[in-house]
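Dropping model25.cif in here (mmCIF, C-alpha atoms; chains and numbers go by the auth columns):
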```cif
data_protein
loop_
_atom_site.group_PDB
_atom_site.id
_atom_site.type_symbol
_atom_site.label_atom_id
_atom_site.label_comp_id
_atom_site.label_asym_id
_atom_site.label_seq_id
_atom_site.Cartn_x
_atom_site.Cartn_y
_atom_site.Cartn_z
_atom_site.B_iso_or_equiv
_atom_site.auth_seq_id
_atom_site.auth_asym_id
ATOM 1 C CA MET A 1 17.049 24.350 -7.544 0.00 1 A
ATOM 2 C CA HIS A 2 18.971 23.798 -10.776 0.00 2 A
ATOM 3 C CA SER A 3 22.413 24.142 -9.213 0.00 3 A
ATOM 4 C CA LEU A 4 21.565 21.649 -6.462 0.00 4 A
ATOM 5 C CA ARG A 5 20.554 19.010 -8.987 0.00 5 A
ATOM 6 C CA VAL A 6 23.614 19.602 -11.148 0.00 6 A
ATOM 7 C CA ALA A 7 25.921 19.577 -8.130 0.00 7 A
ATOM 8 C CA LYS A 8 24.551 16.245 -7.006 0.00 8 A
ATOM 9 C CA CYS A 9 24.950 14.753 -10.455 0.00 9 A
ATOM 10 C CA SER A 10 28.321 16.254 -11.370 0.00 10 A
ATOM 11 C CA ALA A 11 30.243 14.760 -8.448 0.00 11 A
ATOM 12 C CA GLY A 12 30.717 11.398 -10.160 0.00 12 A
ATOM 13 C CA ALA A 13 31.942 10.183 -13.514 0.00 13 A
ATOM 14 C CA SER A 14 31.044 11.672 -16.883 0.00 14 A
ATOM 15 C CA VAL A 15 27.882 9.548 -17.015 0.00 15 A
ATOM 16 C CA ALA A 16 26.743 11.281 -13.839 0.00 16 A
ATOM 17 C CA ILE A 17 27.472 14.669 -15.435 0.00 17 A
ATOM 18 C CA VAL A 18 25.304 13.786 -18.413 0.00 18 A
ATOM 19 C CA THR A 19 22.594 12.542 -16.046 0.00 19 A
ATOM 20 C CA GLY A 20 22.835 15.772 -14.052 0.00 20 A
ATOM 21 C CA LEU A 21 22.579 17.875 -17.205 0.00 21 A
ATOM 22 C CA ALA A 22 19.516 15.888 -18.277 0.00 22 A
ATOM 23 C CA ALA A 23 17.925 16.426 -14.840 0.00 23 A
ATOM 24 C CA TRP A 24 18.632 20.140 -15.117 0.00 24 A
ATOM 25 C CA LEU A 25 17.179 20.378 -18.623 0.00 25 A
ATOM 26 C CA PHE A 26 14.176 18.150 -18.044 0.00 26 A
ATOM 27 C CA GLY A 27 13.556 18.647 -14.336 0.00 27 A
ATOM 28 C CA CYS A 28 11.573 21.870 -14.616 0.00 28 A
ATOM 29 C CA GLY A 29 9.203 21.048 -17.402 0.00 29 A
ATOM 30 C CA SER A 30 11.677 21.378 -20.246 0.00 30 A
ATOM 31 C CA GLY A 31 11.304 17.820 -21.382 0.00 31 A
ATOM 32 C CA GLY A 32 8.601 15.313 -21.982 0.00 32 A
ATOM 33 C CA GLY A 33 7.449 12.798 -19.503 0.00 33 A
ATOM 34 C CA GLY A 34 7.898 9.792 -21.758 0.00 34 A
ATOM 35 C CA SER A 35 4.480 8.253 -21.119 0.00 35 A
ATOM 36 C CA THR A 36 3.167 5.727 -23.567 0.00 36 A
ATOM 37 C CA LYS A 37 -0.314 5.732 -22.015 0.00 37 A
ATOM 38 C CA PRO A 38 -2.962 8.325 -22.920 0.00 38 A
ATOM 39 C CA VAL A 39 -4.444 10.555 -20.237 0.00 39 A
ATOM 40 C CA PRO A 40 -7.541 8.814 -18.783 0.00 40 A
ATOM 41 C CA SER A 41 -10.913 10.266 -19.676 0.00 41 A
ATOM 42 C CA ALA A 42 -14.359 10.145 -18.044 0.00 42 A
ATOM 43 C CA PRO A 43 -17.482 12.337 -18.023 0.00 43 A
ATOM 44 C CA ALA A 44 -16.572 15.813 -16.728 0.00 44 A
ATOM 45 C CA THR A 45 -19.073 16.002 -13.864 0.00 45 A
ATOM 46 C CA LEU A 46 -16.787 16.831 -10.910 0.00 46 A
ATOM 47 C CA ARG A 47 -16.160 20.445 -9.894 0.00 47 A
ATOM 48 C CA LEU A 48 -12.607 21.176 -8.763 0.00 48 A
ATOM 49 C CA SER A 49 -11.386 24.449 -7.220 0.00 49 A
ATOM 50 C CA SER A 50 -8.289 25.867 -5.516 0.00 50 A
ATOM 51 C CA ALA A 51 -6.542 29.028 -4.300 0.00 51 A
ATOM 52 C CA PHE A 52 -6.567 30.362 -7.879 0.00 52 A
ATOM 53 C CA VAL A 53 -9.397 30.857 -10.348 0.00 53 A
ATOM 54 C CA ALA A 54 -9.760 28.519 -13.300 0.00 54 A
ATOM 55 C CA GLY A 55 -7.445 29.751 -16.044 0.00 55 A
ATOM 56 C CA GLY A 56 -5.701 32.122 -13.629 0.00 56 A
ATOM 57 C CA THR A 57 -2.134 32.296 -12.404 0.00 57 A
ATOM 58 C CA ILE A 58 -1.049 29.723 -9.829 0.00 58 A
ATOM 59 C CA PRO A 59 0.322 31.562 -6.786 0.00 59 A
ATOM 60 C CA ASN A 60 4.100 31.517 -6.447 0.00 60 A
ATOM 61 C CA ARG A 61 3.861 29.641 -3.142 0.00 61 A
ATOM 62 C CA PHE A 62 2.755 26.495 -4.990 0.00 62 A
ATOM 63 C CA THR A 63 5.598 26.565 -7.559 0.00 63 A
ATOM 64 C CA CYS A 64 9.318 25.807 -7.667 0.00 64 A
ATOM 65 C CA ASP A 65 9.951 29.531 -7.145 0.00 65 A
ATOM 66 C CA GLY A 66 8.084 29.529 -3.831 0.00 66 A
ATOM 67 C CA GLU A 67 7.501 26.895 -1.162 0.00 67 A
ATOM 68 C CA ASP A 68 6.802 24.204 -3.784 0.00 68 A
ATOM 69 C CA THR A 69 3.915 22.958 -1.679 0.00 69 A
ATOM 70 C CA SER A 70 0.711 21.574 -3.113 0.00 70 A
ATOM 71 C CA PRO A 71 -2.203 24.006 -3.329 0.00 71 A
ATOM 72 C CA PRO A 72 -5.452 23.462 -1.458 0.00 72 A
ATOM 73 C CA LEU A 73 -8.005 21.618 -3.567 0.00 73 A
ATOM 74 C CA ALA A 74 -11.736 21.238 -3.026 0.00 74 A
ATOM 75 C CA TRP A 75 -14.276 19.299 -5.070 0.00 75 A
ATOM 76 C CA SER A 76 -17.893 18.352 -5.338 0.00 76 A
ATOM 77 C CA GLY A 77 -20.108 16.173 -7.494 0.00 77 A
ATOM 78 C CA VAL A 78 -18.472 12.842 -6.636 0.00 78 A
ATOM 79 C CA PRO A 79 -20.843 10.024 -7.641 0.00 79 A
ATOM 80 C CA SER A 80 -22.217 7.993 -4.735 0.00 80 A
ATOM 81 C CA THR A 81 -20.864 4.860 -6.455 0.00 81 A
ATOM 82 C CA ALA A 82 -17.239 6.082 -6.315 0.00 82 A
ATOM 83 C CA SER A 83 -14.887 3.825 -4.356 0.00 83 A
ATOM 84 C CA GLU A 84 -11.785 5.983 -4.561 0.00 84 A
ATOM 85 C CA LEU A 85 -10.463 9.264 -5.962 0.00 85 A
ATOM 86 C CA ALA A 86 -7.205 9.824 -7.832 0.00 86 A
ATOM 87 C CA LEU A 87 -5.494 13.063 -8.870 0.00 87 A
ATOM 88 C CA SER A 88 -2.876 14.024 -11.422 0.00 88 A
ATOM 89 C CA LEU A 89 -1.133 17.307 -12.221 0.00 89 A
ATOM 90 C CA ASP A 90 0.558 17.731 -15.558 0.00 90 A
ATOM 91 C CA ASP A 91 2.001 20.371 -17.883 0.00 91 A
ATOM 92 C CA PRO A 92 0.840 19.741 -21.459 0.00 92 A
ATOM 93 C CA ASP A 93 2.926 22.712 -22.679 0.00 93 A
ATOM 94 C CA ALA A 94 6.343 21.285 -21.754 0.00 94 A
ATOM 95 C CA PRO A 95 8.611 21.446 -24.827 0.00 95 A
ATOM 96 C CA GLY A 96 9.101 17.675 -24.929 0.00 96 A
ATOM 97 C CA GLY A 97 5.423 16.918 -24.351 0.00 97 A
ATOM 98 C CA ASP A 98 3.195 16.128 -21.400 0.00 98 A
ATOM 99 C CA PHE A 99 5.150 16.444 -18.116 0.00 99 A
ATOM 100 C CA THR A 100 3.633 15.097 -14.899 0.00 100 A
ATOM 101 C CA HIS A 101 4.149 16.988 -11.610 0.00 101 A
ATOM 102 C CA TRP A 102 2.030 14.982 -9.171 0.00 102 A
ATOM 103 C CA LEU A 103 0.180 11.682 -8.873 0.00 103 A
ATOM 104 C CA LEU A 104 -2.033 11.062 -5.860 0.00 104 A
ATOM 105 C CA TYR A 105 -4.350 8.098 -5.324 0.00 105 A
ATOM 106 C CA ARG A 106 -6.192 6.154 -2.603 0.00 106 A
ATOM 107 C CA ILE A 107 -8.133 9.301 -1.705 0.00 107 A
ATOM 108 C CA GLY A 108 -11.340 8.465 0.160 0.00 108 A
ATOM 109 C CA PRO A 109 -14.402 9.167 -2.012 0.00 109 A
ATOM 110 C CA ARG A 110 -16.269 11.099 0.717 0.00 110 A
ATOM 111 C CA ARG A 111 -13.390 13.476 1.362 0.00 111 A
ATOM 112 C CA PRO A 112 -14.299 16.945 -0.052 0.00 112 A
ATOM 113 C CA SER A 113 -10.871 18.603 -0.070 0.00 113 A
ATOM 114 C CA ILE A 114 -7.129 18.565 0.575 0.00 114 A
ATOM 115 C CA PRO A 115 -5.452 21.425 2.486 0.00 115 A
ATOM 116 C CA ALA A 116 -2.387 23.200 1.114 0.00 116 A
ATOM 117 C CA GLY A 117 0.640 20.953 1.539 0.00 117 A
ATOM 118 C CA GLY A 118 -1.535 18.188 2.948 0.00 118 A
ATOM 119 C CA LEU A 119 -2.132 14.575 2.084 0.00 119 A
ATOM 120 C CA PRO A 120 -5.285 12.655 2.903 0.00 120 A
ATOM 121 C CA THR A 121 -4.888 9.855 5.440 0.00 121 A
ATOM 122 C CA GLY A 122 -4.178 6.624 3.597 0.00 122 A
ATOM 123 C CA ALA A 123 -3.380 8.331 0.274 0.00 123 A
ATOM 124 C CA ALA A 124 -0.368 7.304 -1.794 0.00 124 A
ATOM 125 C CA GLN A 125 1.755 9.246 -4.265 0.00 125 A
ATOM 126 C CA GLY A 126 3.153 7.984 -7.545 0.00 126 A
ATOM 127 C CA ARG A 127 6.465 8.710 -9.269 0.00 127 A
ATOM 128 C CA HIS A 128 6.126 11.649 -11.650 0.00 128 A
ATOM 129 C CA SER A 129 8.291 13.027 -14.465 0.00 129 A
ATOM 130 C CA PHE A 130 10.824 14.479 -12.008 0.00 130 A
ATOM 131 C CA GLY A 131 11.350 10.943 -10.696 0.00 131 A
ATOM 132 C CA HIS A 132 9.923 11.670 -7.222 0.00 132 A
ATOM 133 C CA ASP A 133 6.843 10.417 -5.407 0.00 133 A
ATOM 134 C CA ARG A 134 5.774 13.784 -4.018 0.00 134 A
ATOM 135 C CA TYR A 135 4.380 17.072 -5.281 0.00 135 A
ATOM 136 C CA ASN A 136 6.692 19.174 -7.456 0.00 136 A
ATOM 137 C CA GLY A 137 4.960 22.346 -8.553 0.00 137 A
ATOM 138 C CA PRO A 138 4.971 24.335 -11.769 0.00 138 A
ATOM 139 C CA CYS A 139 8.460 25.164 -12.949 0.00 139 A
ATOM 140 C CA PRO A 140 8.497 26.068 -16.649 0.00 140 A
ATOM 141 C CA PRO A 141 11.708 27.194 -18.337 0.00 141 A
ATOM 142 C CA LYS A 142 12.553 30.821 -17.560 0.00 142 A
ATOM 143 C CA GLY A 143 11.419 33.176 -20.296 0.00 143 A
ATOM 144 C CA ALA A 144 8.932 30.707 -21.791 0.00 144 A
ATOM 145 C CA LYS A 145 5.334 31.726 -22.412 0.00 145 A
ATOM 146 C CA PRO A 146 2.977 30.761 -19.561 0.00 146 A
ATOM 147 C CA HIS A 147 2.412 27.027 -19.274 0.00 147 A
ATOM 148 C CA ARG A 148 -0.938 25.474 -18.441 0.00 148 A
ATOM 149 C CA TYR A 149 -1.050 23.115 -15.465 0.00 149 A
ATOM 150 C CA ARG A 150 -3.927 20.621 -15.371 0.00 150 A
ATOM 151 C CA PHE A 151 -5.179 19.283 -12.066 0.00 151 A
ATOM 152 C CA VAL A 152 -7.453 16.351 -12.908 0.00 152 A
ATOM 153 C CA LEU A 153 -9.450 14.571 -10.227 0.00 153 A
ATOM 154 C CA TYR A 154 -10.922 11.172 -11.095 0.00 154 A
ATOM 155 C CA ALA A 155 -13.769 9.353 -9.335 0.00 155 A
ATOM 156 C CA LEU A 156 -13.141 5.624 -9.626 0.00 156 A
ATOM 157 C CA SER A 157 -15.655 2.777 -9.640 0.00 157 A
ATOM 158 C CA ARG A 158 -13.259 0.527 -7.741 0.00 158 A
ATOM 159 C CA PRO A 159 -10.037 0.867 -5.759 0.00 159 A
ATOM 160 C CA ILE A 160 -6.915 0.721 -7.880 0.00 160 A
ATOM 161 C CA ALA A 161 -4.126 -1.604 -6.800 0.00 161 A
ATOM 162 C CA LEU A 162 -1.131 0.698 -7.043 0.00 162 A
ATOM 163 C CA LYS A 163 1.806 0.693 -4.673 0.00 163 A
ATOM 164 C CA VAL A 164 3.459 3.854 -3.388 0.00 164 A
ATOM 165 C CA GLY A 165 5.729 5.242 -6.107 0.00 165 A
ATOM 166 C CA ALA A 166 3.813 3.723 -9.041 0.00 166 A
ATOM 167 C CA SER A 167 4.860 5.066 -12.428 0.00 167 A
ATOM 168 C CA ARG A 168 2.788 7.475 -14.486 0.00 168 A
ATOM 169 C CA ASP A 169 2.013 4.725 -17.005 0.00 169 A
ATOM 170 C CA ALA A 170 0.872 2.400 -14.193 0.00 170 A
ATOM 171 C CA PHE A 171 -1.301 5.211 -12.790 0.00 171 A
ATOM 172 C CA ARG A 172 -2.905 5.880 -16.163 0.00 172 A
ATOM 173 C CA SER A 173 -3.412 2.175 -16.880 0.00 173 A
ATOM 174 C CA ALA A 174 -5.118 1.655 -13.520 0.00 174 A
ATOM 175 C CA VAL A 175 -7.254 4.810 -13.618 0.00 175 A
ATOM 176 C CA ALA A 176 -8.495 4.600 -17.222 0.00 176 A
ATOM 177 C CA PRO A 177 -10.802 1.552 -16.884 0.00 177 A
ATOM 178 C CA ALA A 178 -12.071 2.595 -13.427 0.00 178 A
ATOM 179 C CA ALA A 179 -12.787 6.306 -14.063 0.00 179 A
ATOM 180 C CA ILE A 180 -16.507 7.129 -13.874 0.00 180 A
ATOM 181 C CA ALA A 181 -16.202 10.922 -13.543 0.00 181 A
ATOM 182 C CA GLN A 182 -13.553 13.605 -13.645 0.00 182 A
ATOM 183 C CA GLY A 183 -13.044 17.276 -12.968 0.00 183 A
ATOM 184 C CA THR A 184 -10.304 19.506 -14.332 0.00 184 A
ATOM 185 C CA LEU A 185 -8.847 22.744 -13.015 0.00 185 A
ATOM 186 C CA ILE A 186 -6.283 24.548 -15.150 0.00 186 A
ATOM 187 C CA GLY A 187 -3.941 27.200 -13.823 0.00 187 A
ATOM 188 C CA THR A 188 -1.076 28.967 -15.560 0.00 188 A
ATOM 189 C CA TYR A 189 2.450 29.879 -14.527 0.00 189 A
ATOM 190 C CA SER A 190 5.511 31.516 -16.110 0.00 190 A
ATOM 191 C CA ARG A 191 8.920 32.524 -14.816 0.00 191 A
#
```
For this file, write the structure as structure tokens.
Amino acid sequence: MHSLRVAKCSAGASVAIVTGLAAWLFGCGSGGGGSTKPVPSAPATLRLSSAFVAGGTIPNRFTCDGEDTSPPLAWSGVPSTASELALSLDDPDAPGGDFTHWLLYRIGPRRPSIPAGGLPTGAAQGRHSFGHDRYNGPCPPKGAKPHRYRFVLYALSRPIALKVGASRDAFRSAVAPAAIAQGTLIGTYSR
């Protein structure tokens, strides 16, 4: 994964080489995400589960060392007043600070789960710290202690008006005032 990113970036001028080096250093959780917005908060009344136990190791399949596909997620406890659900995945242990791996919104409030590698009909993905609008799984620096990865599902009181590819700051700004409940699932991963 690293060599592909560097190869793409090193083909141009020296600015591209520097950009490629930065992508290599920061692309796998080595750098901060640069957000100026705090993580949204709401009452923790949702229950979120996946293919790993809370606090346990995230299976390789769902990381940069495996298929890099999103894990299955299931939830319950969504308030009947919820209009939409939104999800974020971040690594608070990245050396440069909070690093976002996935932003997903426009999830129907009556939907109880997402299959592995799947996206709900009508859902949209935001642009995360890697600069993509798709899932990029755990990928901490090799040899680092295990990083924690937080999946946070938010129940929202109203739909949020975010376009596909919205930034992390835009996601947080839209979710914060609309969040009426949340659920968190933390998994760990090391390489």
Counting all atoms listed in the file, which of A:Asp91, A:Asp133, A:Glu67, A:Glu84 gets nearest to Pro159 in chain A?
-> A:Glu84
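Take the candidates A:Thr81, A:Thr100, A:Thr121, A:Ser157 and check each one against Asn136 in chain A using only C-alpha atoms; the shortest distance goes to A:Thr100.
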Could you state the separation of CA of Arg110 in chain A and CA of Lys163 in chain A in Å, given to one decimal place?
->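 CA of Lys163 in chain A lies 21.5 Å from CA of Arg110 in chain A.
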For each of A:Arg111, A:Arg148, A:Arg191, A:Arg168, take the minimum atom-to-atom distance to Gln125 in chain A, counting only C-alpha atoms, then give the residue where this is smallest.
->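 Of A:Arg111, A:Arg148, A:Arg191, A:Arg168, the one nearest Gln125 in chain A, counting only C-alpha atoms, is A:Arg168.
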Which residue gives the smallest distance to Gly137 in chain A among A:Gly108, A:Gly183, A:Gly96, A:Gly117, with only C-alpha atoms counted?
-> A:Gly117
Which residue out of A:Leu156, A:Leu119, A:Ala82, A:Ile186 has the minimum interatomic distance to Leu48 in chain A when all atoms listed in the file are used?
-> A:Ile186
